[in-house]
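One structure is given below, encoded as structure tokens.
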Amino acid sequence: MKRVMLTFVMTIAVFWVSAQAYNVKNYGAKGDGEQLDHTAINKAIADCAAHGGGTVNIPAGKYLSGSIHLLSNITLNLEAGATIVGAPASMKAYDAPESFSGKQYQDGGHTFFHNSLIWGENLKNVSITGRGMIDGGGLTRKDNERAGVVSGGSIGTGDKAIALKNCRNVLIRDITIYHGGHFGIIVTGCDLVTLDNLLVDTNRDGIDIDCSKHVTVSNCKVNTPNDDAIVLKSSFALNKSVATENVLITNCTVTGFDEGSLIDGSYSPHKVNWVCGRIKLGTESNGGYNNITISNCTCLYSNGIALEEVDQGKMDNIVITNISMSHTHYYPIYITTGKRNRGPESINDTSYGGNIQISNITVDDADPYSGIQITGLPEKPLENIRLSNIQVNYQGGGTAELGRKDYPELAKGYPEPMQIGPCPAYGLFVRHVKGLDLRDITFKTGTADLRPVMIMQDAQDVLIDNLKAPEVTGILPYRMTDVKDIVWTNTPMLKGYQQ
């Protein structure tokens, strides 16, 4: 009996020692917000990995840190009350950017990963979990964003909270990220990624998914008053075109409140910026996007949803459904292809977009800058675009003069309507599209808008059923140019139209 009890006690002791072995405080971390703790944290991670992996625990405290190195088979767990704080640049605590072979076609933030607060490369089975916080602290939001001009580094200090490259089986769950720098989270070239129940309140991009596949982003709240909230990209960061594909974004809320006001609960709307709080595909888009689903999301004080393929990739099989937007800036929905062509000259393709379905969208308080825009290229129109069950309440107030103006094409420019000014149609602008299906769409305006409801140019095989909008006496509600094979029903505003 004594031998059994002794064995039991020894087993419990071994379990207790094992459970405590990878507590970062056992490796010298203080958690006092004054001592740099990343060396101790890295020792704990390395020891855990050397013993086959497990959980590295960060208990309550404030851990001032430079670069933390993730390894395979490691869970970095931040307990409630634990905060990792990015060291100020003056402490020179971040790793230097790694070398990058070949020409840099993408921004510096997409090129370099090691100059981050937490990073990992070529890993498998890596997790960051817990109810603690990552406070970017001294991370910079700036970067060298001119492709092709950087040799050897980006801005020269830490600029990302979490950066993962070429990793497989990634889980980031439950943590809070505040003030995350250029990117709160960026995953590039990763496979089997789950980002769940995250609270991100930051000063640039929230979550970037680049050249990655089999990704789920769920139950996240992302506040980005100065940039994109959840964004898919397919850059040339891997020195080749790689698609971002098989992605689900669901049950998320994106916002454009002042930084920090999502976390503290004050929810202060940020002054309208060039972009804020949106869900987007693009702009870096060399590899394209395949099999993307966005569902059950809420967008507040943000730009609308943007689908942008401008770097010779292919944007195909996109489904967006059950989206609620309120206080929407610039446009509610924006679908475009372009010819920015940021990539090797040897690539001789034209950007393509097709097989896109958007349904069950409600938009409240959309500003008058632009309605829904769907614009392809003359030589390769957008194909098979379907919008259904959509209601947009616009502020209105557009002038008749604005409604008469020509609307230039973006061509090789940056693919945003703000580059060419307010749209001459307040409800829907369509150009270079083949196969367009519009069903059960309602536009309303708070005050009268004297622009056409709809402008359509170079469109073929168009079906419109039950499109409703207020008509203004003396204003033709549509303008059609080079539109072929159009069928419309239950749409009184088109009653006088003849092909």
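By convention here, the chains of the structure tokens are called A, B, ... in the order presented, each chain's residues are numbered starting at 1, and ligands are numbered starting at 1 in the order presented.
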
**Item:** Within 6 Å of range 116-130 of chain A using only C-alpha atoms, minus same-chain residues under 4 positions, as a ChimeraX atom specification
**Value:** /A:66-70,72-79,158-175

With N, CA and C atoms retained, export the selected residues as an mmCIF file, in the first residue's frame.
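As a result, part.cif now contains:
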data_model
loop_
_atom_site.group_PDB
_atom_site.id
_atom_site.type_symbol
_atom_site.label_atom_id
_atom_site.label_comp_id
_atom_site.auth_asym_id
_atom_site.auth_seq_id
_atom_site.Cartn_x
_atom_site.Cartn_y
_atom_site.Cartn_z
ATOM 1 N N GLY A 66 10.928 42.330 -26.652
ATOM 2 C CA GLY A 66 11.275 42.434 -28.053
ATOM 3 C C GLY A 66 10.764 41.182 -28.744
ATOM 4 N N SER A 67 11.482 40.720 -29.759
ATOM 5 C CA SER A 67 10.980 39.619 -30.585
ATOM 6 C C SER A 67 10.926 38.300 -29.828
ATOM 7 N N ILE A 68 9.754 37.673 -29.880
ATOM 8 C CA ILE A 68 9.518 36.361 -29.296
ATOM 9 C C ILE A 68 9.435 35.346 -30.431
ATOM 10 N N HIS A 69 10.177 34.227 -30.291
ATOM 11 C CA HIS A 69 10.311 33.257 -31.374
ATOM 12 C C HIS A 69 9.437 32.035 -31.094
ATOM 13 N N LEU A 70 8.391 31.860 -31.881
ATOM 14 C CA LEU A 70 7.571 30.663 -31.767
ATOM 15 C C LEU A 70 8.297 29.471 -32.378
ATOM 16 N N SER A 72 7.727 24.951 -33.323
ATOM 17 C CA SER A 72 6.710 23.930 -33.599
ATOM 18 C C SER A 72 6.247 23.235 -32.328
ATOM 19 N N ASN A 73 4.999 22.800 -32.369
ATOM 20 C CA ASN A 73 4.391 22.034 -31.280
ATOM 21 C C ASN A 73 4.331 22.816 -29.974
ATOM 22 N N ILE A 74 4.181 24.123 -30.067
ATOM 23 C CA ILE A 74 4.145 24.996 -28.900
ATOM 24 C C ILE A 74 2.814 25.734 -28.840
ATOM 25 N N THR A 75 2.224 25.779 -27.656
ATOM 26 C CA THR A 75 1.121 26.680 -27.367
ATOM 27 C C THR A 75 1.637 27.762 -26.429
ATOM 28 N N LEU A 76 1.580 29.001 -26.864
ATOM 29 C CA LEU A 76 1.919 30.136 -26.015
ATOM 30 C C LEU A 76 0.614 30.622 -25.399
ATOM 31 N N ASN A 77 0.474 30.426 -24.094
ATOM 32 C CA ASN A 77 -0.786 30.723 -23.420
ATOM 33 C C ASN A 77 -0.650 31.945 -22.520
ATOM 34 N N LEU A 78 -1.486 32.951 -22.802
ATOM 35 C CA LEU A 78 -1.485 34.171 -22.011
ATOM 36 C C LEU A 78 -2.654 34.118 -21.031
ATOM 37 N N GLU A 79 -2.350 33.988 -19.746
ATOM 38 C CA GLU A 79 -3.410 33.942 -18.760
ATOM 39 C C GLU A 79 -4.122 35.285 -18.676
ATOM 40 N N GLY A 158 10.396 47.083 -35.026
ATOM 41 C CA GLY A 158 9.247 46.192 -35.001
ATOM 42 C C GLY A 158 8.006 46.854 -35.568
ATOM 43 N N ASP A 159 7.284 46.144 -36.442
ATOM 44 C CA ASP A 159 6.089 46.749 -37.043
ATOM 45 C C ASP A 159 4.896 45.800 -37.141
ATOM 46 N N LYS A 160 4.965 44.622 -36.490
ATOM 47 C CA LYS A 160 3.847 43.679 -36.523
ATOM 48 C C LYS A 160 3.729 43.004 -35.157
ATOM 49 N N ALA A 161 2.500 42.779 -34.702
ATOM 50 C CA ALA A 161 2.322 42.102 -33.418
ATOM 51 C C ALA A 161 2.583 40.601 -33.550
ATOM 52 N N ILE A 162 1.922 39.948 -34.510
ATOM 53 C CA ILE A 162 2.106 38.511 -34.751
ATOM 54 C C ILE A 162 2.330 38.303 -36.236
ATOM 55 N N ALA A 163 3.424 37.630 -36.602
ATOM 56 C CA ALA A 163 3.736 37.360 -38.007
ATOM 57 C C ALA A 163 4.129 35.897 -38.156
ATOM 58 N N LEU A 164 3.403 35.174 -39.018
ATOM 59 C CA LEU A 164 3.679 33.765 -39.276
ATOM 60 C C LEU A 164 3.853 33.546 -40.770
ATOM 61 N N LYS A 165 4.896 32.800 -41.126
ATOM 62 C CA LYS A 165 5.199 32.542 -42.536
ATOM 63 C C LYS A 165 5.448 31.046 -42.732
ATOM 64 N N ASN A 166 4.795 30.481 -43.736
ATOM 65 C CA ASN A 166 4.991 29.075 -44.107
ATOM 66 C C ASN A 166 4.779 28.143 -42.911
ATOM 67 N N CYS A 167 3.692 28.334 -42.216
ATOM 68 C CA CYS A 167 3.366 27.487 -41.066
ATOM 69 C C CYS A 167 2.125 26.650 -41.375
ATOM 70 N N ARG A 168 2.028 25.523 -40.671
ATOM 71 C CA ARG A 168 0.906 24.610 -40.904
ATOM 72 C C ARG A 168 0.258 24.239 -39.572
ATOM 73 N N ASN A 169 -1.046 24.252 -39.577
ATOM 74 C CA ASN A 169 -1.843 23.950 -38.398
ATOM 75 C C ASN A 169 -1.620 25.011 -37.320
ATOM 76 N N VAL A 170 -2.226 26.157 -37.555
ATOM 77 C CA VAL A 170 -2.056 27.341 -36.703
ATOM 78 C C VAL A 170 -3.371 27.625 -35.989
ATOM 79 N N LEU A 171 -3.289 27.926 -34.695
ATOM 80 C CA LEU A 171 -4.466 28.326 -33.917
ATOM 81 C C LEU A 171 -4.130 29.582 -33.116
ATOM 82 N N ILE A 172 -4.929 30.632 -33.301
ATOM 83 C CA ILE A 172 -4.843 31.817 -32.446
ATOM 84 C C ILE A 172 -6.252 32.060 -31.927
ATOM 85 N N ARG A 173 -6.415 32.006 -30.608
ATOM 86 C CA ARG A 173 -7.767 32.026 -30.048
ATOM 87 C C ARG A 173 -7.818 32.820 -28.741
ATOM 88 N N ASP A 174 -8.865 33.603 -28.603
ATOM 89 C CA ASP A 174 -9.291 34.242 -27.349
ATOM 90 C C ASP A 174 -8.472 35.457 -26.930
ATOM 91 N N ILE A 175 -7.326 35.698 -27.504
ATOM 92 C CA ILE A 175 -6.481 36.793 -27.036
ATOM 93 C C ILE A 175 -7.011 38.148 -27.518
#

**Request:** Compile the contact shell of Ala411 in chain A as a ChimeraX atom specification: residues with an atom at most 8 Å away, counting only C-alpha atoms, same-chain residues fewer than 4 positions apart removed.
**Result:** /A:338-340

**Item:** Non-local contacts of His329 in chain A (6 Å; only C-alpha atoms; under 4 positions in same chain excluded) as a ChimeraX atom specification
**Value:** /A:302-303,367

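With distances restricted to only C-alpha atoms, A:Asp201 is the closest residue to Glu259 in chain A from A:Glu345, A:Glu308, A:Asp201, A:Glu245.
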
**Prompt:** Using only C-alpha atoms, which residues sit within 10 Å of Pro59 in chain A once same-chain residues fewer than 2 positions away are excluded, as a ChimeraX atom specification?
**Reply:** /A:23-25,31,56-57,61-63,77-83,132

Put those residues in a file: N, CA and C atoms, as a PDB file, in the first residue's frame.
ATOM      1  N   ASN A  23       6.510  27.601 -17.218  1.00  0.00           N
ATOM      2  CA  ASN A  23       6.080  28.921 -16.759  1.00  0.00           C
ATOM      3  C   ASN A  23       7.242  29.879 -16.986  1.00  0.00           C
ATOM      4  N   VAL A  24       6.992  30.959 -17.724  1.00  0.00           N
ATOM      5  CA  VAL A  24       8.107  31.836 -18.116  1.00  0.00           C
ATOM      6  C   VAL A  24       8.804  32.464 -16.920  1.00  0.00           C
ATOM      7  N   LYS A  25       8.111  32.553 -15.785  1.00  0.00           N
ATOM      8  CA  LYS A  25       8.762  33.131 -14.604  1.00  0.00           C
ATOM      9  C   LYS A  25       9.841  32.200 -14.050  1.00  0.00           C
ATOM     10  N   GLY A  31       7.803  40.148 -15.474  1.00  0.00           N
ATOM     11  CA  GLY A  31       6.429  40.600 -15.624  1.00  0.00           C
ATOM     12  C   GLY A  31       6.149  41.890 -14.893  1.00  0.00           C
ATOM     13  N   VAL A  56       3.623  26.807 -23.095  1.00  0.00           N
ATOM     14  CA  VAL A  56       4.426  27.798 -22.383  1.00  0.00           C
ATOM     15  C   VAL A  56       3.456  28.809 -21.796  1.00  0.00           C
ATOM     16  N   ASN A  57       3.447  28.901 -20.485  1.00  0.00           N
ATOM     17  CA  ASN A  57       2.434  29.696 -19.804  1.00  0.00           C
ATOM     18  C   ASN A  57       2.991  31.048 -19.382  1.00  0.00           C
ATOM     19  N   GLY A  61       0.689  39.632 -15.369  1.00  0.00           N
ATOM     20  CA  GLY A  61       1.825  40.538 -15.266  1.00  0.00           C
ATOM     21  C   GLY A  61       1.999  41.277 -16.572  1.00  0.00           C
ATOM     22  N   LYS A  62       2.934  42.211 -16.590  1.00  0.00           N
ATOM     23  CA  LYS A  62       3.221  42.992 -17.790  1.00  0.00           C
ATOM     24  C   LYS A  62       4.641  42.664 -18.234  1.00  0.00           C
ATOM     25  N   TYR A  63       4.759  42.088 -19.431  1.00  0.00           N
ATOM     26  CA  TYR A  63       6.025  41.547 -19.917  1.00  0.00           C
ATOM     27  C   TYR A  63       6.541  42.412 -21.059  1.00  0.00           C
ATOM     28  N   ASN A  77       0.474  30.426 -24.094  1.00  0.00           N
ATOM     29  CA  ASN A  77      -0.786  30.723 -23.420  1.00  0.00           C
ATOM     30  C   ASN A  77      -0.650  31.945 -22.520  1.00  0.00           C
ATOM     31  N   LEU A  78      -1.486  32.951 -22.802  1.00  0.00           N
ATOM     32  CA  LEU A  78      -1.485  34.171 -22.011  1.00  0.00           C
ATOM     33  C   LEU A  78      -2.654  34.118 -21.031  1.00  0.00           C
ATOM     34  N   GLU A  79      -2.350  33.988 -19.746  1.00  0.00           N
ATOM     35  CA  GLU A  79      -3.410  33.942 -18.760  1.00  0.00           C
ATOM     36  C   GLU A  79      -4.122  35.285 -18.676  1.00  0.00           C
ATOM     37  N   ALA A  80      -5.348  35.284 -18.159  1.00  0.00           N
ATOM     38  CA  ALA A  80      -6.051  36.530 -17.896  1.00  0.00           C
ATOM     39  C   ALA A  80      -5.192  37.406 -16.991  1.00  0.00           C
ATOM     40  N   GLY A  81      -5.027  38.659 -17.372  1.00  0.00           N
ATOM     41  CA  GLY A  81      -4.170  39.564 -16.616  1.00  0.00           C
ATOM     42  C   GLY A  81      -2.743  39.634 -17.130  1.00  0.00           C
ATOM     43  N   ALA A  82      -2.392  38.761 -18.088  1.00  0.00           N
ATOM     44  CA  ALA A  82      -1.047  38.796 -18.681  1.00  0.00           C
ATOM     45  C   ALA A  82      -1.056  39.702 -19.903  1.00  0.00           C
ATOM     46  N   THR A  83      -0.052  40.565 -20.004  1.00  0.00           N
ATOM     47  CA  THR A  83       0.087  41.444 -21.162  1.00  0.00           C
ATOM     48  C   THR A  83       1.526  41.426 -21.645  1.00  0.00           C
ATOM     49  N   GLY A 132      -5.348  36.728 -22.157  1.00  0.00           N
ATOM     50  CA  GLY A 132      -4.447  37.847 -21.976  1.00  0.00           C
ATOM     51  C   GLY A 132      -4.402  38.757 -23.188  1.00  0.00           C
TER      52      GLY A 132
END

**Message:** Which residues are close to Ser268 in chain A, i.e. within 10 Å by only C-alpha atoms, leaving aside same-chain residues fewer than 4 positions away? Reply as a count of residues only.
**Reply:** 8
